[in-house]
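J.: Sharing upload.tsv (TSV, C-alpha atoms) below.
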chain	number	residue	atom	x	y	z
A	647	MET	CA	-14.47	-26.71	-16.67
A	648	ARG	CA	-12.55	-25.88	-19.84
A	649	ARG	CA	-13.81	-22.33	-19.72
A	650	ARG	CA	-12.67	-21.96	-16.12
A	651	ALA	CA	-9.31	-23.54	-16.95
A	652	ARG	CA	-8.79	-21.12	-19.83
A	653	SER	CA	-9.79	-18.21	-17.62
A	654	LEU	CA	-7.40	-19.31	-14.88
A	655	GLY	CA	-4.63	-19.86	-17.42
A	656	GLY	CA	-5.17	-16.40	-18.85
A	657	LEU	CA	-5.06	-14.92	-15.35
A	658	VAL	CA	-1.78	-16.68	-14.53
A	659	LEU	CA	-0.26	-15.62	-17.86
A	660	SER	CA	-1.33	-12.02	-17.31
A	661	LEU	CA	0.15	-12.09	-13.82
A	662	ALA	CA	3.47	-13.49	-15.10
A	663	LEU	CA	3.71	-10.92	-17.89
A	664	THR	CA	2.91	-8.09	-15.49
A	665	LEU	CA	5.63	-9.19	-13.08
A	666	LEU	CA	8.07	-9.57	-15.96
A	667	GLY	CA	7.22	-6.06	-17.13
A	668	LEU	CA	7.77	-4.76	-13.61
A	669	LEU	CA	11.20	-6.38	-13.46
A	670	LEU	CA	12.08	-4.98	-16.90
A	671	ILE	CA	11.14	-1.45	-15.82
A	672	THR	CA	13.15	-1.64	-12.59
A	673	PHE	CA	16.10	-3.14	-14.49
A	674	ILE	CA	16.07	-0.26	-16.97
A	675	ILE	CA	15.81	2.28	-14.13
A	676	GLY	CA	18.85	0.72	-12.49
A	677	ARG	CA	20.83	1.04	-15.72
A	678	VAL	CA	19.88	4.60	-16.69
A	679	MET	CA	20.38	6.17	-13.26
A	680	PRO	CA	23.50	8.40	-13.25
A	681	ILE	CA	25.05	6.33	-10.45
A	682	ASP	CA	27.96	3.94	-10.93
A	683	PRO	CA	27.01	0.77	-9.00
A	684	VAL	CA	30.60	-0.44	-9.03
A	685	LEU	CA	31.93	2.71	-7.35
A	686	LYS	CA	29.22	2.38	-4.72
A	687	VAL	CA	30.58	-1.08	-3.89
A	688	VAL	CA	34.36	-0.60	-4.12
A	689	GLY	CA	34.52	3.06	-3.09
A	690	GLU	CA	36.14	6.11	-4.65
A	691	ARG	CA	39.69	5.08	-3.68
A	692	ALA	CA	39.63	1.66	-5.33
A	693	THR	CA	42.30	0.79	-7.86
A	694	GLN	CA	41.49	0.09	-11.48
A	695	ALA	CA	42.15	-3.62	-10.92
A	696	GLN	CA	39.66	-3.68	-8.02
A	697	TYR	CA	37.15	-1.78	-10.11
A	698	ASP	CA	37.49	-4.19	-13.04
A	699	ALA	CA	37.19	-7.23	-10.76
A	700	ALA	CA	33.99	-5.89	-9.18
A	701	TYR	CA	32.68	-4.93	-12.62
A	702	GLN	CA	33.05	-8.51	-13.83
A	703	ALA	CA	31.77	-10.02	-10.58
A	704	MET	CA	28.57	-7.97	-10.91
A	705	GLY	CA	28.12	-9.25	-14.48
A	706	LEU	CA	28.22	-5.78	-16.01
A	707	ASP	CA	30.63	-6.99	-18.70
A	708	LYS	CA	27.95	-9.31	-20.10
A	709	PRO	CA	25.46	-8.40	-22.86
A	710	ILE	CA	22.45	-6.49	-21.61
A	711	TRP	CA	20.04	-9.41	-22.15
A	712	GLN	CA	22.21	-11.69	-20.05
A	713	GLN	CA	22.31	-9.04	-17.33
A	714	PHE	CA	18.51	-8.93	-17.39
A	715	LEU	CA	18.17	-12.72	-17.17
A	716	ARG	CA	20.58	-12.73	-14.24
A	717	TYR	CA	18.59	-9.95	-12.58
A	718	VAL	CA	15.31	-11.87	-13.01
A	719	SER	CA	16.90	-15.05	-11.64
A	720	GLU	CA	18.22	-13.25	-8.58
A	721	VAL	CA	14.90	-11.52	-7.86
A	722	LEU	CA	12.99	-14.80	-8.15
A	723	ARG	CA	15.36	-16.21	-5.51
A	724	GLY	CA	14.68	-13.19	-3.31
A	725	ASP	CA	18.18	-11.82	-3.82
A	726	PHE	CA	18.16	-8.04	-4.27
A	727	GLY	CA	21.82	-7.62	-3.47
A	728	ARG	CA	23.36	-5.93	-0.46
A	729	SER	CA	22.37	-2.49	0.78
A	730	ILE	CA	25.21	0.01	0.83
A	731	SER	CA	23.46	2.09	3.50
A	732	THR	CA	22.90	-0.68	6.08
A	733	GLY	CA	25.46	-3.27	4.98
A	734	HIS	CA	22.75	-5.97	5.16
A	735	PRO	CA	21.11	-7.94	2.34
A	736	VAL	CA	18.23	-5.91	0.96
A	737	SER	CA	15.89	-8.86	1.45
A	738	GLU	CA	16.60	-8.81	5.20
A	739	ASP	CA	16.03	-5.05	5.36
A	740	LEU	CA	12.70	-5.43	3.55
A	741	LYS	CA	11.58	-8.16	5.96
A	742	ARG	CA	12.32	-5.75	8.78
A	743	VAL	CA	10.70	-2.56	7.43
A	744	PHE	CA	7.82	-3.83	5.28
A	745	PRO	CA	5.63	-5.16	8.14
A	746	ALA	CA	5.66	-1.68	9.70
A	747	THR	CA	4.21	-0.19	6.51
A	748	VAL	CA	1.70	-3.03	6.12
A	749	GLU	CA	0.51	-2.50	9.69
A	750	LEU	CA	0.12	1.24	9.15
A	751	ALA	CA	-1.58	0.90	5.75
A	752	THR	CA	-3.91	-1.88	6.93
A	753	LEU	CA	-5.18	0.13	9.89
A	754	GLY	CA	-5.56	3.20	7.67
A	755	THR	CA	-7.52	1.20	5.09
A	756	LEU	CA	-9.78	-0.27	7.76
A	757	ILE	CA	-10.61	3.25	8.95
A	758	GLY	CA	-11.24	4.34	5.37
A	759	VAL	CA	-13.53	1.39	4.63
A	760	CYS	CA	-15.47	1.38	7.91
A	761	VAL	CA	-16.22	5.10	7.66
A	762	GLY	CA	-15.98	5.83	3.95
A	763	VAL	CA	-18.29	3.11	2.61
A	764	PRO	CA	-21.29	3.87	4.89
A	765	LEU	CA	-20.72	7.59	4.42
A	766	GLY	CA	-20.73	7.24	0.64
A	767	VAL	CA	-23.84	5.07	0.65
A	768	ILE	CA	-25.81	7.41	2.93
A	769	ALA	CA	-24.63	10.47	0.98
A	770	ALA	CA	-25.93	8.94	-2.26
A	771	ALA	CA	-29.20	7.81	-0.69
A	772	ARG	CA	-29.78	11.31	0.71
A	773	ARG	CA	-28.37	13.28	-2.16
A	774	GLY	CA	-28.29	17.00	-1.49
A	775	GLY	CA	-28.79	16.57	2.25
A	776	TRP	CA	-26.47	17.63	5.03
A	777	ILE	CA	-24.73	14.24	5.16
A	778	ASP	CA	-24.05	14.47	1.42
A	779	GLN	CA	-22.61	17.97	1.87
A	780	ILE	CA	-20.36	16.80	4.71
A	781	ALA	CA	-19.14	13.83	2.63
A	782	ARG	CA	-18.30	16.08	-0.30
A	783	VAL	CA	-16.43	18.57	1.90
A	784	LEU	CA	-14.46	15.78	3.57
A	785	ALA	CA	-13.52	14.35	0.18
A	786	LEU	CA	-12.49	17.78	-1.13
A	787	VAL	CA	-10.34	18.55	1.92
A	788	GLY	CA	-8.84	15.06	1.84
A	789	TYR	CA	-7.74	15.52	-1.76
A	790	SER	CA	-6.36	19.04	-1.31
A	791	MET	CA	-4.76	19.10	2.15
A	792	PRO	CA	-1.02	18.22	2.31
A	793	ILE	CA	-0.61	15.17	4.53
A	794	PHE	CA	2.77	16.30	5.90
A	795	TRP	CA	1.17	19.53	7.17
A	796	LEU	CA	-1.68	17.62	8.81
A	797	GLY	CA	0.86	15.27	10.37
A	798	LEU	CA	2.90	18.12	11.84
A	799	MET	CA	-0.20	19.89	13.14
A	800	GLY	CA	-1.50	16.63	14.60
A	801	LEU	CA	1.79	16.02	16.42
A	802	LEU	CA	1.81	19.58	17.73
A	803	LEU	CA	-1.75	19.35	19.05
A	804	PHE	CA	-2.23	15.76	20.22
A	805	TYR	CA	1.36	15.02	21.29
A	806	GLY	CA	2.97	18.35	22.08
A	807	ILE	CA	0.03	20.16	23.70
A	808	LEU	CA	-2.53	17.59	24.82
A	809	GLY	CA	-0.22	14.61	25.32
A	810	TRP	CA	-2.88	12.15	24.14
A	811	ILE	CA	-0.64	10.08	21.85
A	812	GLY	CA	2.80	8.50	22.04
A	813	GLY	CA	4.54	10.68	19.48
A	814	PRO	CA	6.90	9.73	16.63
A	815	GLY	CA	8.22	6.20	16.14
A	816	ARG	CA	6.55	2.82	16.61
A	817	GLN	CA	7.21	2.43	20.33
A	818	GLY	CA	8.47	4.31	23.34
A	819	ILE	CA	12.00	3.78	24.62
A	820	ILE	CA	10.77	1.61	27.49
A	821	TYR	CA	9.16	-0.98	25.19
A	822	ASP	CA	11.60	-0.75	22.27
A	823	GLY	CA	12.83	-4.27	21.48
A	824	MET	CA	10.89	-5.83	24.37
A	825	VAL	CA	8.26	-7.60	22.24
A	826	PRO	CA	9.45	-10.79	20.47
A	827	THR	CA	9.15	-10.44	16.69
A	828	VAL	CA	6.69	-12.91	15.15
A	829	THR	CA	4.90	-11.04	12.35
A	830	GLY	CA	6.86	-7.78	12.51
A	831	MET	CA	3.63	-5.92	13.34
A	832	ILE	CA	3.90	-4.51	16.85
A	833	LEU	CA	0.18	-4.59	17.64
A	834	ILE	CA	-0.17	-8.25	16.69
A	835	ASP	CA	3.14	-9.32	18.24
A	836	SER	CA	2.31	-7.64	21.55
A	837	LEU	CA	-1.06	-9.42	21.61
A	838	ILE	CA	0.64	-12.75	20.90
A	839	ALA	CA	3.09	-12.08	23.74
A	840	GLY	CA	0.23	-10.99	26.01
A	841	ASP	CA	2.02	-7.73	26.78
A	842	TRP	CA	-0.84	-5.24	27.15
A	843	GLY	CA	1.46	-2.42	28.18
A	844	ALA	CA	3.40	-2.75	24.93
A	845	PHE	CA	0.12	-2.98	23.00
A	846	ARG	CA	-1.22	0.25	24.50
A	847	ASP	CA	2.10	1.98	23.87
A	848	ALA	CA	2.21	0.80	20.23
A	849	PHE	CA	-1.41	1.82	19.69
A	850	SER	CA	-0.72	5.30	21.08
A	851	HIS	CA	2.04	5.69	18.48
A	852	ILE	CA	0.16	4.32	15.48
A	853	VAL	CA	-3.24	5.88	16.07
A	854	LEU	CA	-2.44	9.35	14.65
A	855	PRO	CA	-0.53	8.36	11.46
A	856	ALA	CA	-3.07	5.59	10.77
A	857	SER	CA	-5.93	8.04	11.26
A	858	LEU	CA	-4.36	10.49	8.81
A	859	LEU	CA	-3.90	7.78	6.20
A	860	GLY	CA	-7.40	6.55	6.99
A	861	TYR	CA	-8.75	10.03	6.35
A	862	PHE	CA	-7.17	10.20	2.91
A	863	SER	CA	-8.40	6.67	2.20
A	864	LEU	CA	-11.84	7.67	3.46
A	865	ALA	CA	-11.94	10.66	1.10
A	866	TYR	CA	-11.27	8.44	-1.93
A	867	ILE	CA	-13.47	5.52	-0.90
A	868	SER	CA	-16.48	7.65	0.11
A	869	ARG	CA	-16.32	9.63	-3.13
A	870	MET	CA	-16.20	6.51	-5.29
A	871	THR	CA	-18.88	4.75	-3.24
A	872	ARG	CA	-21.17	7.74	-3.62
A	873	SER	CA	-20.59	7.80	-7.37
A	874	PHE	CA	-21.30	4.07	-7.74
A	875	MET	CA	-24.44	4.28	-5.60
A	876	LEU	CA	-25.85	7.26	-7.49
A	877	GLU	CA	-25.60	5.28	-10.70
A	878	GLN	CA	-27.35	2.28	-9.17
A	879	LEU	CA	-30.08	4.28	-7.42
A	880	SER	CA	-31.09	5.83	-10.74
A	881	SER	CA	-31.51	2.38	-12.35
A	882	GLU	CA	-34.87	0.91	-13.31
A	883	TYR	CA	-34.61	-2.11	-11.00
A	884	VAL	CA	-34.33	0.25	-8.00
A	885	THR	CA	-37.46	2.11	-9.14
A	886	THR	CA	-39.23	-1.23	-9.51
A	887	ALA	CA	-38.20	-2.28	-6.01
A	888	ARG	CA	-39.55	0.94	-4.57
A	889	VAL	CA	-42.83	0.55	-6.48
A	890	LYS	CA	-43.20	-2.91	-4.96
A	891	GLY	CA	-43.18	-1.28	-1.54
A	892	LEU	CA	-39.77	-2.41	-0.28
A	893	SER	CA	-38.29	-0.35	2.52
A	894	GLU	CA	-35.69	2.26	1.60
A	895	ALA	CA	-33.05	0.48	3.67
A	896	ARG	CA	-33.65	-2.78	1.80
A	897	VAL	CA	-33.56	-1.01	-1.55
A	898	VAL	CA	-30.31	0.80	-0.74
A	899	TRP	CA	-28.39	-1.93	1.09
A	900	GLY	CA	-30.03	-5.09	-0.24
A	901	HIS	CA	-30.21	-4.17	-3.92
A	902	ALA	CA	-28.12	-1.15	-4.92
A	903	PHE	CA	-25.20	-1.75	-2.54
A	904	ARG	CA	-24.85	-5.41	-3.55
A	905	ASN	CA	-24.39	-4.36	-7.15
A	906	ILE	CA	-21.48	-2.02	-6.40
A	907	LEU	CA	-19.44	-4.60	-4.46
A	908	VAL	CA	-17.42	-5.66	-7.50
A	909	PRO	CA	-16.13	-2.18	-8.50
A	910	LEU	CA	-15.84	-1.26	-4.82
A	911	ILE	CA	-13.36	-4.10	-4.29
A	912	THR	CA	-11.08	-2.52	-6.89
A	913	VAL	CA	-11.36	0.86	-5.18
A	914	ILE	CA	-10.44	-0.61	-1.79
A	915	ALA	CA	-7.56	-2.62	-3.25
A	916	LEU	CA	-6.15	0.43	-5.02
A	917	SER	CA	-6.57	2.48	-1.86
A	918	PHE	CA	-4.62	-0.09	0.15
A	919	GLY	CA	-1.90	-0.27	-2.50
A	920	GLY	CA	-1.75	3.52	-2.59
A	921	LEU	CA	-1.18	3.65	1.16
A	922	LEU	CA	1.58	1.05	0.87
A	923	GLU	CA	3.58	3.11	-1.59
A	924	GLY	CA	2.24	6.56	-0.82
A	925	SER	CA	2.90	6.73	2.91
A	926	VAL	CA	6.42	8.12	2.43
A	927	LEU	CA	5.66	11.59	3.81
A	928	THR	CA	3.69	10.13	6.71
A	929	GLU	CA	6.53	7.80	7.64
A	930	ILE	CA	9.05	10.64	7.48
A	931	VAL	CA	6.95	13.01	9.61
A	932	PHE	CA	6.25	10.35	12.24
A	933	SER	CA	9.70	8.69	12.04
A	934	TRP	CA	7.91	5.46	11.13
A	935	PRO	CA	10.50	2.82	10.15
A	936	GLY	CA	8.63	1.52	7.12
A	937	ILE	CA	9.46	0.84	3.50
A	938	GLY	CA	8.69	4.41	2.41
A	939	GLN	CA	11.30	5.87	4.72
A	940	TYR	CA	13.70	3.07	3.80
A	941	ILE	CA	13.45	3.76	0.06
A	942	THR	CA	13.74	7.53	0.58
A	943	LYS	CA	16.92	7.22	2.62
A	944	ALA	CA	18.35	4.72	0.12
A	945	LEU	CA	17.59	7.04	-2.80
A	946	LEU	CA	19.28	9.99	-1.11
A	947	ALA	CA	22.32	7.78	-0.44
A	948	GLY	CA	22.43	6.44	-4.02
A	949	ASP	CA	21.75	2.91	-2.74
A	950	MET	CA	20.11	1.53	-5.88
A	951	ASN	CA	19.90	-2.08	-4.67
A	952	ALA	CA	17.68	-0.96	-1.80
A	953	VAL	CA	15.64	1.37	-4.02
A	954	LEU	CA	14.99	-1.26	-6.68
A	955	GLY	CA	14.31	-3.97	-4.12
A	956	GLY	CA	11.70	-1.84	-2.38
A	957	THR	CA	10.18	-0.80	-5.71
A	958	VAL	CA	9.86	-4.42	-6.86
A	959	LEU	CA	8.23	-5.38	-3.56
A	960	VAL	CA	5.66	-2.59	-3.70
A	961	GLY	CA	4.96	-3.31	-7.37
A	962	ALA	CA	4.48	-7.01	-6.61
A	963	CYS	CA	2.00	-6.03	-3.89
A	964	PHE	CA	-0.02	-4.06	-6.45
A	965	VAL	CA	-0.03	-7.07	-8.77
A	966	GLY	CA	-1.08	-9.33	-5.90
A	967	LEU	CA	-3.90	-6.98	-4.91
A	968	ASN	CA	-5.19	-6.96	-8.49
A	969	LEU	CA	-5.07	-10.76	-8.51
A	970	ILE	CA	-7.06	-10.93	-5.28
A	971	SER	CA	-9.57	-8.47	-6.76
A	972	ASP	CA	-10.00	-10.66	-9.85
A	973	LEU	CA	-10.55	-13.74	-7.70
A	974	LEU	CA	-13.13	-11.94	-5.57
A	975	TYR	CA	-14.88	-10.82	-8.78
A	976	ARG	CA	-15.44	-14.46	-9.63
A	977	VAL	CA	-16.84	-15.17	-6.19
A	978	LEU	CA	-19.20	-12.21	-6.05
A	979	ASP	CA	-20.13	-12.28	-9.74
A	980	PRO	CA	-19.97	-15.77	-11.35
A	981	ARG	CA	-20.60	-14.15	-14.75
A	982	ALA	CA	-17.02	-12.78	-14.60
A	983	SER	CA	-15.52	-16.29	-14.58
Would you encode the structure as structure tokens?
T.:
Amino acid sequence: MRRRARSLGGLVLSLALTLLGLLLITFIIGRVMPIDPVLKVVGERATQAQYDAAYQAMGLDKPIWQQFLRYVSEVLRGDFGRSISTGHPVSEDLKRVFPATVELATLGTLIGVCVGVPLGVIAAARRGGWIDQIARVLALVGYSMPIFWLGLMGLLLFYGILGWIGGPGRQGIIYDGMVPTVTGMILIDSLIAGDWGAFRDAFSHIVLPASLLGYFSLAYISRMTRSFMLEQLSSEYVTTARVKGLSEARVVWGHAFRNILVPLITVIALSFGGLLEGSVLTEIVFSWPGIGQYITKALLAGDMNAVLGGTVLVGACFVGLNLISDLLYRVLDPRAS
């Protein structure tokens, strides 16, 4: 019990320090950017008295360590300030745009896992075969092909020429705003409302961008799965299992695959986190109103409150995913606890 308590305490302390480091980095970024936050609030035509009043109200006249403590306190309360671009609190904007990115990244990760993991396992088990060659080509193309080009070509083919998908955006004009917001994820909300027409429309819009993200996730996951499996299949315990007469399927899936679950969890978690913060180009190409597009527009407008708020949220997601990975380690491998 003491050992588990110490391990849990160390995990909580590591999590707290990581979050504190994240806040320190974003705070420094906000201070070194060549953008005057006061001018962004009061405007170029403000008088010196108005400028000074806003400067003091924002706490910029305080020592830097006090500014940092104030920043940490505000973030812990969920207060990221007000967005200059939208005029709304950044926290409200993030609640609106983040579920769209989560929905897109989750579906993309599911595609990557459901296809990439079996593909990587089979490629390793049949090393040098045609499945292995296909897996390696898919991974190579996935790493080298620009996603914005694939997105544009996909829209041209499947939307412009064939008309198989719904096109840019999350929903068509007919269903826009018709589904009551519960989770912020259109597919789930339309199912909760029982609106199958809205569900089909939302699916027709998300299927192409999610498939593209899923392909890039698949390329990474299949490559890492193959690498992990090759290491396990060359181990002595696998040779022993084969000598005992176990079937190849049992050796591959029952022995070797079970031993790669722990590192594979990290790969999947990093892939999901990468799609959360790396879907900027996809969201821009498909006019997807997610956090990537939100941060990009805020950055171009010099809206640092929105940029830092979105950065903190994405960074916190990475920390949370690592925490979940550590907890799953302890479930799958008690020796890690």
J.: Taking (7.6, 3.9, 5.2) in the coordinates of the supplied file, I want to know which residues reach to within 9 Å of it, counting all atoms listed in the file; could you give the answer as a list of chain:residue names?
T.: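 Residues with an atom close enough to that point: A:Val743, A:Phe744, A:Ala746, A:Thr747, A:Leu750, A:Leu922, A:Glu923, A:Gly924, A:Ser925, A:Val926, A:Leu927, A:Thr928, A:Glu929, A:Ile930, A:Ser933, A:Trp934, A:Pro935, A:Gly936, A:Ile937, A:Gly938, A:Gln939, A:Tyr940, A:Ile941, A:Thr942.
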J.: Which of these residues is nearest to A:Ala751, using all atoms listed in the file: A:Tyr861, A:Tyr821, A:Tyr701, A:Phe714?
T.: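 Using all atoms listed in the file, A:Ala751 sits closest to A:Tyr861.
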J.: Need to verify the contact set: A:Arg773, 12 Å, only C-alpha atoms, exclusion of same-chain residues closer than 2 positions in sequence. Can you return it as a ChimeraX atom specification?
T.: /A:765-771,775-782,872-873,875-876,879-880
J.: Select, counting all atoms listed in the file, all protein, DNA and RNA residues no farther than 10 Å from (7.7, 9.2, 19.7) in file coordinates, and express the selection as an NGL selection string.
T.: :A and (801 or 805 or 811-819 or 850-852 or 932-934)
J.: Could you pull the residues within 8 Å of A:Gly676, counting only C-alpha atoms, minus those fewer than 3 positions along the same chain, as number ranges by chain?
T.: A: 672-673, 679, 950, 954
J.: Between atom CA of A:Val736 and atom CA of A:Gly955, what is the spacing in Å?
T.: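 It comes out at 6.7 Å.
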J.: Measuring atom to atom with all atoms listed in the file, identify which of A:Arg716, A:Arg691, A:Arg869, A:Arg677 is nearest to A:Val783.
T.: A:Arg869
J.: Tell me which of A:Gly758, A:Pro709, A:Pro735, A:Gly667 sits closest to A:Val913, counting all atoms listed in the file.
T.: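 Nearest candidate to A:Val913 out of A:Gly758, A:Pro709, A:Pro735, A:Gly667: A:Gly758.
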J.: Which residue is closest to A:Ala865? Choose from A:Val953, A:Ala848, A:Val761, A:Leu833 and count all atoms listed in the file.
T.: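 That would be A:Val761, the residue with the smallest distance to A:Ala865.
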J.: In Å, rounded to a single decimal, give me how far atom CA of A:Val763 is from atom CA of A:His901.
T.: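 Atom-to-atom, atom CA of A:His901 to atom CA of A:Val763, that is 15.4 Å.
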J.: Using only C-alpha atoms, which residue out of A:Leu670, A:Met824, A:Leu967, A:Met799 lies closest to A:Ile914?
T.: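 Of A:Leu670, A:Met824, A:Leu967, A:Met799, the one nearest A:Ile914, counting only C-alpha atoms, is A:Leu967.
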J.: In Å, with one decimal, what is the gap from atom CA of A:Phe804 to atom CA of A:Pro792?
T.: 18.1 Å
J.: Can you tell me which residues surround A:Gly733 at a distance of at most 12 Å, considering only C-alpha atoms, apart from same-chain residues fewer than 5 positions away, and format the answer as a PyMOL selection string?
T.: chain A and resi 686-687+727-728+738-739+944+949+951-952
J.: For A:Ile906, which residue out of A:Tyr975, A:Cys760, A:Gly919, A:Gly961 is the nearest one, using only C-alpha atoms?
T.: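 So, comparing all the options, the nearest one is A:Tyr975.
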